[in-house]
Structures are given as C-alpha cells and as structure tokens.
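Quick notes on the structure that follows.
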Amino acid sequence: MSFKLGKSKDMGIDLGTANTLIFVKDEGIVLNEPTVIAKNNNTGEIIAVGKEAKEMIGKAPESISVVRPLEEGVISDFDRTADMLKTFIERVVPAKKFSGFRVAVGVPSGVTEVEKRAVEEVVRSMGAVETYVLEEPMAAAIGVGLPVDGTTGCMIADIGGGTTDIAVIALGGVVASTSIRYAGDKLNEAIILYMRKRHALYIGEKTAEELKKGIGCAALNEDESGKEIIETMNASGRDIISGLPKTLEITNKDLMIALGESVDVIVDGVKATIEKTPPEIAADVAQNGLVLSGGGGLLKNLDKVITDRTGIKVTIAENAYEAVALGTGKGLEDIEKLKQYAMSKRRIRY
C-alpha cells in the first residue's frame, strides 16, 4: 500500500516480535506484516520480508536464512531489522520522500537503555529527524483511549508476540509496570511441547499458532447445563515414533492444558504489578478494571481467568491487535505530550 505525500508525514511504528505495524499521520495503519525477513546467504540479497518471508519458515533450503530479527521484544539482529524496516517503510513512503519525518516507536517496558538506543538507531538510519520511544503499555493505553493524563489510575496488559507488558498509568506516566518475556511465542512453544509429550506428534510453529488462534483457550466454555463445550481441530505433523506424517484431532481441552502454565505466568504478572501500585491508585484499578490488548489478549477466556484469580474486572480492547500502533500515531498529534510520554520521561512516583 502506498499514498501520495505533499510533504513528509510523521509515522508511528509498533516494532513487534511477531508483527510490525506502521501508522502514518492522516492515513491510519498502512502496513501490518509479520516481523520476518529472508535473505540469500550466498549473495546477501533480501529475498522476501513480511508475509512472503513468513511462508518460508521451516521450508527454506540452507542457502536461504529466514529469521525473525526480534526476539522477546528485543532487536537480536540489528542489520536485518534495519533492512526489514527500510523495506516496509519504502512500501508506504516513496523513496524521494524518505526523510524528514518524525517517528514514535513502541517498545517493551522492560528494555534496557542499550536496547532503546538500538531501536532509535535503526529508525534514525531510515531518515527520521526525531525519534520518540514509548513503552508499549503506554502506547497501547493511548491507542485504546484510556485517560492516561488523568489523576485516576488506569491499568493495561499488552500481550504481544515476545513480551507481556503490564502497567498502571496516571498523570501521563507509568506508576508501576511489569514486563515478562513470556507471550505469544511462548504460548506456541508450550503447544509444541505438549503435542510432543502428550501425542508424540512433532508440529511446527505455524501449526501451533493456528491451533492457538483456532481453539486455544485459558478456560473452557460451558453450556446452559454446565457441561464443558468441546471444540476440535486437526493438527498435522510428524509422528515421533514412526517418523511418518500424521494428523490428529486435537481438542480445546488439550490447548487449555498446554497453555495452563503460560496463563499462570501472565496472571502472576498482573498480581505483581498491582502489588507494586500505591494504595490510592490500586483503588482506582479495583473500580475501573484492567484492559487487555495485543494479539495474546484475544486468547479465549483469558479475561475471565484473570478476573476469577484477581477479582479485577477485565475488558478486551476493541482494537486490541492494533492498539500500540494506534497509540504511537495518536501520540504524534501532540508532540509536547509525546515528549512527556516518551521513555526518557521520569516515572511518576508516589
């Protein structure tokens, strides 16, 4: 997708472990692609990025490396991240306009200063004149429309591909936060491990993700009589014993068991954040509840499980998947406030 530019336009980027989203001022979200890049190992040529590259995972010959340049919310391969971002930006910005814009980038709340500078360097190498780094929970809170500038505290949990970022926000700053490098990717890994142990079936990451999105859940639904509602889905892989291809029918109960430990980690993260929250702000959270965003926040019945275990009302954001990108974009509407929201801003203390 591309658009005509009369002048360089500001840009918001959700540089996620699983997906990268780009928001352009006055245009909205103009790109949503998997954070994946494929390169020819012999020539160094970029073969594919985004969706095309993701289709190559697990299928490429040795001469082609298909990598996800971010791991657990952190840039693990600077050069390939830069190559990937440049390609994405060129898709939405004509090359002759490829400079002079301001960029807001969402990053996990637990990143170090070194990791923060790495993100800034990648973006600046793209031609940005100003770069603002926002913690993902702050960006997500802005994106879903929470009153981040008010005196009343609000709480959000952004569950992405590499990290789960939970924060309590008030007066334009983060009051308390917890960043767990345990999110969508770990859920996939848990499903793969469960399938190997329980069904002796070796499946790939793509199949695990399809199972998670199709019938994955934190708890089972029940019908009017209280009986558990069972859903099924086929999973294909390699039989560990015979080494031959095999397809099994998997239930949502299988997925609930597989994801049980992961759900526990996320719930514990919510509890830990509340424990770090000052009493007056915690009272606000008790009254107003918690908002879930990010792709992982869409896991079926995760909201109900968190409510059952913490007593906090949980709401799933309508734009959960795009919340961080939208937040970075909205932040660009008021640069002075964006400077306040940026990570360089000292956290609110009580």
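In the structure tokens, each chain is lettered A, B, ... as it comes, each chain's residues begin at 1, and ligands are numbered from 1 in order of appearance.
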
**Request:** For stretch 266-279 of chain A, please output as a PyMOL selection string all residues within 8 Å (counting only C-alpha atoms; exclusion window: fewer than 5 positions along the same chain).
**Result:** chain A and resi 157+164+166-168+175-180+182+306+309-310+350

**Asked** Which residues come within 12 Å of A:Glu115, counting only C-alpha atoms, excluding same-chain residues fewer than 6 positions away, as a PyMOL selection string?
**Response** chain A and resi 70-78+107-109+121-122+133

**Request:** Can you work out which one of A:Ala53, A:Met138, A:Ile22, A:Leu290 has the shortest atom-to-atom distance to A:Cys154, counting only C-alpha atoms?
**Result:**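 With only C-alpha atoms as the atom set, the closest residue is A:Leu290.
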
**Message:** Would you pick out the contacts of A:Ala183 at 9 Å or less, using only C-alpha atoms, so that residues sharing its chain but fewer than 5 positions from it are not included, and give the list as a PyMOL selection string?
**Reply:** chain A and resi 72+159-164+188+262+266+296

**Request:** Could you find all residues in stretch 165-344 of chain A that DSSP calls strand (DSSP E or B) from the backbone, and write them as a PyMOL selection string?
**Result:** chain A and resi 165-170+173-180+201-202+217+222+228+232-239+245-251+290-293+300+314-316

**Request:** Could you tell me how far atom CA of A:Gly143 lies from atom CA of A:Asn319, in Å and to one decimal?
**Result:** 8.1 Å

**Message:** Between atom CA of A:Val265 and atom CA of A:Ala139, what is the distance in Å, rounded to a tenth?
**Reply:**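 Separating atom CA of A:Val265 from atom CA of A:Ala139 is a distance of 22.7 Å.
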
**Message:** From the options A:Val67, A:Ile169, A:Ile29, A:Ala323, which residue's atoms come nearest to A:Thr17, counting only C-alpha atoms?
**Reply:**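 Among the listed residues, A:Val67 lies closest to A:Thr17.
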
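Closest to A:Val30 among A:Glu222, A:Asp254, A:Glu90, A:Glu45 is A:Glu90, based on only C-alpha atoms.
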
**Request:** Please identify all polymer residues within 10 Å of A:Phe23, counting only C-alpha atoms, omitting same-chain residues fewer than 3 positions from it, and present them as a PyMOL selection string.
**Result:** chain A and resi 10-14+26-32+92+103-104+322+324-330
